[in-house]
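Enquirer: Here you go, one structure.
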Amino acid sequence: MTGIAGLACVALVLYLVMRFLNCQSVPSEPMLFHGNSEFIQKILQQCPLIHKIYDPPSLWGRSGHLQTAMYGILGRVKSPFPRGERRSKLMPDGATLTFDIFPPLATHKSENDLTVVVVPGLGNSSETIYIRTFVDYMQNFGYRVAVLNHLGALKSEKITAPRIFTYGGTTELQLMVQTVLLLFPSTSLLGVGFSMGGNIICKFLGENPKHCKRFICAVSVCQGYDAVRALGLLMRWDNFRRAYIWMMTENMKKVVRRHEDVFTNAENKQLLPISIDLPKALSSTSLVSFDEHFTRRVAGYDSLIDYLRDNSCTRVLNNITLPTMLVNAEDDPIVPEDLCSCAHDFVKNHENSLFVLTKHGGHLGFFEGNLLYPEPVTWIDKMVVQYCDAVVDLKLTKSG
């Protein structure tokens, strides 16, 4: 009986491991949702990757958790170190915007001057590994890349005013775009946002029609669209989501601790629109608590709901008139598929928009490869280049 019990335990463990690795899940082509315009049909024709099976590493890549963990721990494999120029701009409230500009490493096949405006995810910057990989890949296809460094995210840059980045703040992005256009007046802009950055880029383009003038398209990867609706979902333990939120909260607390002296300075305290509760913020175990005691107060909101509502792109998403590609993964453990209803609604009302939903990929993972070892460039990097190239071809090259 002991031997049988031992075999049963081994079988159970193997079963649980296989379930966690999700090895039984069969890779498939991405699901596509879009309008029926001639433009979007041509986009689909020029993006062959979108019609192929996305095949992640077979041993672990079918698990959204491991895809997300690989992104969180490694970022990318064999990540390059692109060389760019860091620029700083003092803002009216005393905060200092920093962003990096990376020159193209080749001439784009269209011979146009093109700049990809990149907004990274929560607490990320141009120094984050997955951003470095994406920048290098775009450079090699002839794109200049401008990357926004979220306020407080760079370890080497001290904040100069008592505030850090917010979930949907667009002030820094607006100033960066204005500066890029002054530096390169003939360039065309393409916006790309990852996770929180996807929310910011979409909110920026939707909140003011003037913001769209120099952009030819927008891409959002793995964002959650509606922070108010996400409020309850993010506090659940479904798919271990609550654990991910705890880790994200810890990252936010690290950012604040790095600049704690700025927030405890007596003069700076007088500049805050609402007094913050720093001890409670730094003891928070969820973003809900952290945002209640810190973020919404620094941003000047009387309630958390008001802060989340105003900072969500869903409020202005329908105002975007540019060709737009939204990308999410079904197995994203942070962004549940319920939140993707905003993307479905968007493409129904915008004939030149595209919503791509992959079966695998996790949160900002999208690794490809064989049994175990992933490739340096991910599926999403390749997909964004194909989409951008297609839009450039249709909007710039063929228009003269």
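Chain labels A, B, ... are given in the sequence in which chains occur in the structure tokens; within each chain residues are numbered consecutively from 1, and ligands are likewise numbered from 1 in the order shown.
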Might you pull out every residue within 8 Å of region 202-208 of chain A, with only C-alpha atoms counted and same-chain residues fewer than 2 positions away left off, and present them as an MDAnalysis selection string?

Expert: chainID A and resid 168 170 173:174 198:200 210:212 218 220 311:314 316:320

Enquirer: Using only C-alpha atoms, tabulate the residues of region 111-199 of chain A lying at most 12 Å from any atom of region 92-102 of chain A, each with its closest atom pair and that distance in Å to one decimal, by chain and increasing residue number, as CSV.

Expert:
```
residue,atom,partner,partner_atom,distance
A:Leu114,CA,A:Phe102,CA,11.7
A:Thr115,CA,A:Ile101,CA,9.3
A:Val116,CA,A:Phe102,CA,9.7
A:Val117,CA,A:Ile101,CA,9.4
A:Val118,CA,A:Phe99,CA,9.8
A:Val119,CA,A:Phe99,CA,10.0
A:Pro120,CA,A:Phe99,CA,11.2
A:Asn124,CA,A:Phe99,CA,11.9
A:Ser125,CA,A:Phe99,CA,8.6
A:Ser126,CA,A:Asp100,CA,6.8
A:Glu127,CA,A:Asp100,CA,9.5
A:Ile131,CA,A:Asp100,CA,11.5
A:Arg132,CA,A:Phe102,CA,10.2
A:Phe134,CA,A:Phe102,CA,11.4
A:Val135,CA,A:Phe102,CA,7.6
A:Asp136,CA,A:Phe102,CA,8.6
A:Tyr137,CA,A:Phe102,CA,11.3
A:Met138,CA,A:Phe102,CA,9.7
A:Gln139,CA,A:Phe102,CA,7.4
A:Asn140,CA,A:Phe102,CA,10.9
A:Gly142,CA,A:Phe102,CA,10.9
A:Tyr143,CA,A:Phe102,CA,8.7
A:Arg144,CA,A:Phe102,CA,5.7
A:Val145,CA,A:Phe102,CA,5.1
A:Ala146,CA,A:Ile101,CA,4.4
A:Val147,CA,A:Asp100,CA,5.3
A:Leu148,CA,A:Phe99,CA,4.7
A:Asn149,CA,A:Phe99,CA,5.2
A:His150,CA,A:Thr98,CA,7.8
A:Leu151,CA,A:Leu97,CA,6.8
A:Gly152,CA,A:Thr96,CA,9.6
A:Ala153,CA,A:Thr98,CA,10.1
A:Leu154,CA,A:Thr98,CA,9.1
A:Ser156,CA,A:Thr98,CA,11.2
A:Glu157,CA,A:Thr98,CA,8.6
A:Lys158,CA,A:Thr96,CA,8.9
A:Ile159,CA,A:Ala95,CA,6.6
A:Thr160,CA,A:Ala95,CA,5.0
A:Ala161,CA,A:Ala95,CA,4.7
A:Pro162,CA,A:Ala95,CA,7.8
A:Arg163,CA,A:Ala95,CA,7.6
A:Ile164,CA,A:Ala95,CA,8.8
A:Phe165,CA,A:Leu97,CA,10.4
A:Thr170,CA,A:Leu97,CA,11.6
A:Thr171,CA,A:Leu97,CA,9.4
A:Glu172,CA,A:Leu97,CA,6.2
A:Leu173,CA,A:Leu97,CA,8.9
A:Gln174,CA,A:Leu97,CA,10.5
A:Leu175,CA,A:Leu97,CA,8.1
A:Met176,CA,A:Phe99,CA,7.2
A:Val177,CA,A:Phe99,CA,10.2
A:Thr179,CA,A:Phe99,CA,10.1
A:Val180,CA,A:Ile101,CA,8.6
A:Leu183,CA,A:Ile101,CA,10.5
A:Phe184,CA,A:Ile101,CA,11.2
```

Enquirer: In terms of the shortest atom-to-atom distance over only C-alpha atoms, which of A:Gly61, A:Pro323, A:Pro336, A:Pro82 is closest to Leu372 (chain A)?

Expert: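 Of A:Gly61, A:Pro323, A:Pro336, A:Pro82, the one nearest Leu372 (chain A) is A:Gly61, counting only C-alpha atoms.
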
Enquirer: For Gly191 (chain A), which of A:Leu394, A:Cys388, A:Cys340, A:Leu32 is the closest residue, counting only C-alpha atoms?

Expert: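 Of all the options, A:Cys388 lies closest to Gly191 (chain A).
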
Enquirer: Within region 94-342 of chain A, find each residue whose DSSP state, derived from the backbone, is strand (DSSP E), and express the selection as a PyMOL selection string.

Expert: chain A and resi 96-102+114-119+144-149+188-194+215-221+324-329

Enquirer: For the residues in the current selection, export N, CA and C atoms as a compact mmCIF listing (two decimals), in the first residue's frame.

Expert:
```txt
# COMPACT_ATOMS: atom_id res chain seq x y z
N THR A 96 10.95 67.37 -13.15
CA THR A 96 11.87 67.28 -14.28
C THR A 96 11.54 66.06 -15.13
N LEU A 97 11.13 66.33 -16.35
CA LEU A 97 10.88 65.27 -17.32
C LEU A 97 12.21 64.77 -17.88
N THR A 98 12.38 63.47 -17.98
CA THR A 98 13.53 62.91 -18.68
C THR A 98 13.04 61.89 -19.70
N PHE A 99 13.65 61.91 -20.85
CA PHE A 99 13.35 60.92 -21.88
C PHE A 99 14.61 60.67 -22.70
N ASP A 100 14.64 59.54 -23.38
CA ASP A 100 15.80 59.16 -24.17
C ASP A 100 15.42 59.05 -25.64
N ILE A 101 16.30 59.53 -26.50
CA ILE A 101 16.09 59.44 -27.94
C ILE A 101 17.16 58.54 -28.53
N PHE A 102 16.71 57.50 -29.25
CA PHE A 102 17.61 56.55 -29.87
C PHE A 102 17.51 56.70 -31.39
N LEU A 114 10.77 58.69 -39.31
CA LEU A 114 9.75 58.10 -38.44
C LEU A 114 10.26 58.01 -37.00
N THR A 115 9.41 58.40 -36.06
CA THR A 115 9.78 58.33 -34.65
C THR A 115 8.71 57.56 -33.88
N VAL A 116 9.12 56.50 -33.22
CA VAL A 116 8.22 55.73 -32.36
C VAL A 116 8.29 56.32 -30.95
N VAL A 117 7.15 56.76 -30.45
CA VAL A 117 7.04 57.32 -29.11
C VAL A 117 6.63 56.18 -28.18
N VAL A 118 7.51 55.79 -27.26
CA VAL A 118 7.28 54.64 -26.40
C VAL A 118 6.97 55.07 -24.97
N VAL A 119 5.88 54.54 -24.43
CA VAL A 119 5.54 54.76 -23.03
C VAL A 119 5.60 53.40 -22.32
N ARG A 144 13.47 55.95 -35.50
CA ARG A 144 13.98 56.64 -34.31
C ARG A 144 13.02 56.29 -33.16
N VAL A 145 13.55 56.16 -31.97
CA VAL A 145 12.70 55.79 -30.84
C VAL A 145 12.90 56.78 -29.69
N ALA A 146 11.80 57.35 -29.21
CA ALA A 146 11.83 58.24 -28.05
C ALA A 146 11.10 57.55 -26.91
N VAL A 147 11.79 57.35 -25.79
CA VAL A 147 11.22 56.60 -24.66
C VAL A 147 11.01 57.53 -23.47
N LEU A 148 9.79 57.57 -22.98
CA LEU A 148 9.47 58.36 -21.79
C LEU A 148 9.97 57.62 -20.55
N ASN A 149 10.70 58.33 -19.70
CA ASN A 149 11.10 57.78 -18.41
C ASN A 149 10.12 58.29 -17.36
N SER A 188 7.25 61.79 -38.62
CA SER A 188 5.91 61.28 -38.34
C SER A 188 6.00 60.42 -37.10
N LEU A 189 4.98 60.50 -36.24
CA LEU A 189 5.01 59.82 -34.96
C LEU A 189 4.13 58.57 -34.96
N LEU A 190 4.61 57.55 -34.27
CA LEU A 190 3.86 56.32 -34.05
C LEU A 190 3.91 56.04 -32.55
N GLY A 191 2.76 55.90 -31.90
CA GLY A 191 2.73 55.72 -30.46
C GLY A 191 2.63 54.26 -30.06
N VAL A 192 3.47 53.85 -29.11
CA VAL A 192 3.44 52.47 -28.60
C VAL A 192 3.49 52.51 -27.09
N GLY A 193 2.52 51.85 -26.44
CA GLY A 193 2.49 51.82 -24.98
C GLY A 193 2.37 50.40 -24.47
N PHE A 194 3.11 50.10 -23.40
CA PHE A 194 3.09 48.78 -22.80
C PHE A 194 2.42 48.83 -21.43
N PHE A 215 0.61 62.07 -35.27
CA PHE A 215 0.68 60.62 -35.14
C PHE A 215 0.00 59.96 -36.34
N ILE A 216 0.55 58.85 -36.77
CA ILE A 216 -0.10 58.11 -37.86
C ILE A 216 -0.73 56.81 -37.36
N CYS A 217 -0.38 56.36 -36.14
CA CYS A 217 -1.03 55.18 -35.57
C CYS A 217 -0.68 55.07 -34.09
N ALA A 218 -1.37 54.15 -33.43
CA ALA A 218 -1.11 53.88 -32.02
C ALA A 218 -1.18 52.38 -31.78
N VAL A 219 -0.35 51.91 -30.85
CA VAL A 219 -0.34 50.50 -30.46
C VAL A 219 -0.36 50.42 -28.94
N SER A 220 -1.25 49.58 -28.41
CA SER A 220 -1.33 49.37 -26.96
C SER A 220 -1.18 47.88 -26.68
N VAL A 221 -0.29 47.54 -25.74
CA VAL A 221 -0.01 46.13 -25.44
C VAL A 221 -0.30 45.84 -23.96
N THR A 324 -5.43 52.10 -34.97
CA THR A 324 -5.00 51.68 -33.64
C THR A 324 -5.02 50.16 -33.54
N MET A 325 -3.95 49.60 -32.97
CA MET A 325 -3.90 48.17 -32.70
C MET A 325 -3.81 47.95 -31.19
N LEU A 326 -4.78 47.22 -30.65
CA LEU A 326 -4.80 46.85 -29.24
C LEU A 326 -4.47 45.37 -29.13
N VAL A 327 -3.55 45.02 -28.23
CA VAL A 327 -3.12 43.63 -28.09
C VAL A 327 -3.25 43.20 -26.63
N ASN A 328 -3.88 42.06 -26.42
CA ASN A 328 -3.96 41.45 -25.09
C ASN A 328 -3.80 39.94 -25.22
N ALA A 329 -3.51 39.29 -24.10
CA ALA A 329 -3.39 37.83 -24.07
C ALA A 329 -4.46 37.25 -23.17
```

Enquirer: Suppose you want the space between CA of Phe366 (chain A) and CA of Lys42 (chain A); what is it in Å?

Expert: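 These two atoms are separated by 24.6 Å.
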
Enquirer: I'd like the contact shell of Tyr244 (chain A) - 7 Å cut-off, only C-alpha atoms, skipping same-chain residues fewer than 4 positions apart - returned as a PyMOL selection string.

Expert: chain A and resi 240+248+334

Enquirer: Only N, CA, C and O atoms, please: the residues just picked out, written as a compact mmCIF listing (two decimals), in the first residue's frame.

Expert:
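New file selection-v6.txt:
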```txt
# COMPACT_ATOMS: atom_id res chain seq x y z
N PHE A 240 -4.30 33.88 -9.09
CA PHE A 240 -3.24 34.45 -8.24
C PHE A 240 -3.03 35.94 -8.49
O PHE A 240 -1.96 36.49 -8.23
N MET A 248 3.44 44.36 -7.48
CA MET A 248 3.42 45.67 -8.13
C MET A 248 3.40 46.78 -7.08
O MET A 248 4.05 47.82 -7.25
N ILE A 334 -2.65 39.28 -14.88
CA ILE A 334 -2.87 40.59 -14.27
C ILE A 334 -4.09 41.28 -14.86
O ILE A 334 -4.88 41.90 -14.14
```

Enquirer: What is the distance, in Å and to one decimal place, between CA of Trp60 (chain A) and CA of Ile245 (chain A)?

Expert: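 Atom-to-atom, CA of Trp60 (chain A) and CA of Ile245 (chain A) are spaced 22.2 Å apart.
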
Enquirer: Can you work out which one of A:Gly369, A:Gly361, A:Pro80, A:Pro374 has the shortest atom-to-atom distance to Ser63 (chain A), counting only C-alpha atoms?

Expert: A:Gly361

Enquirer: A:Glu38, A:Gln270, A:Arg257, A:Tyr301: which is nearest Ser283 (chain A), counting only C-alpha atoms?

Expert: A:Arg257
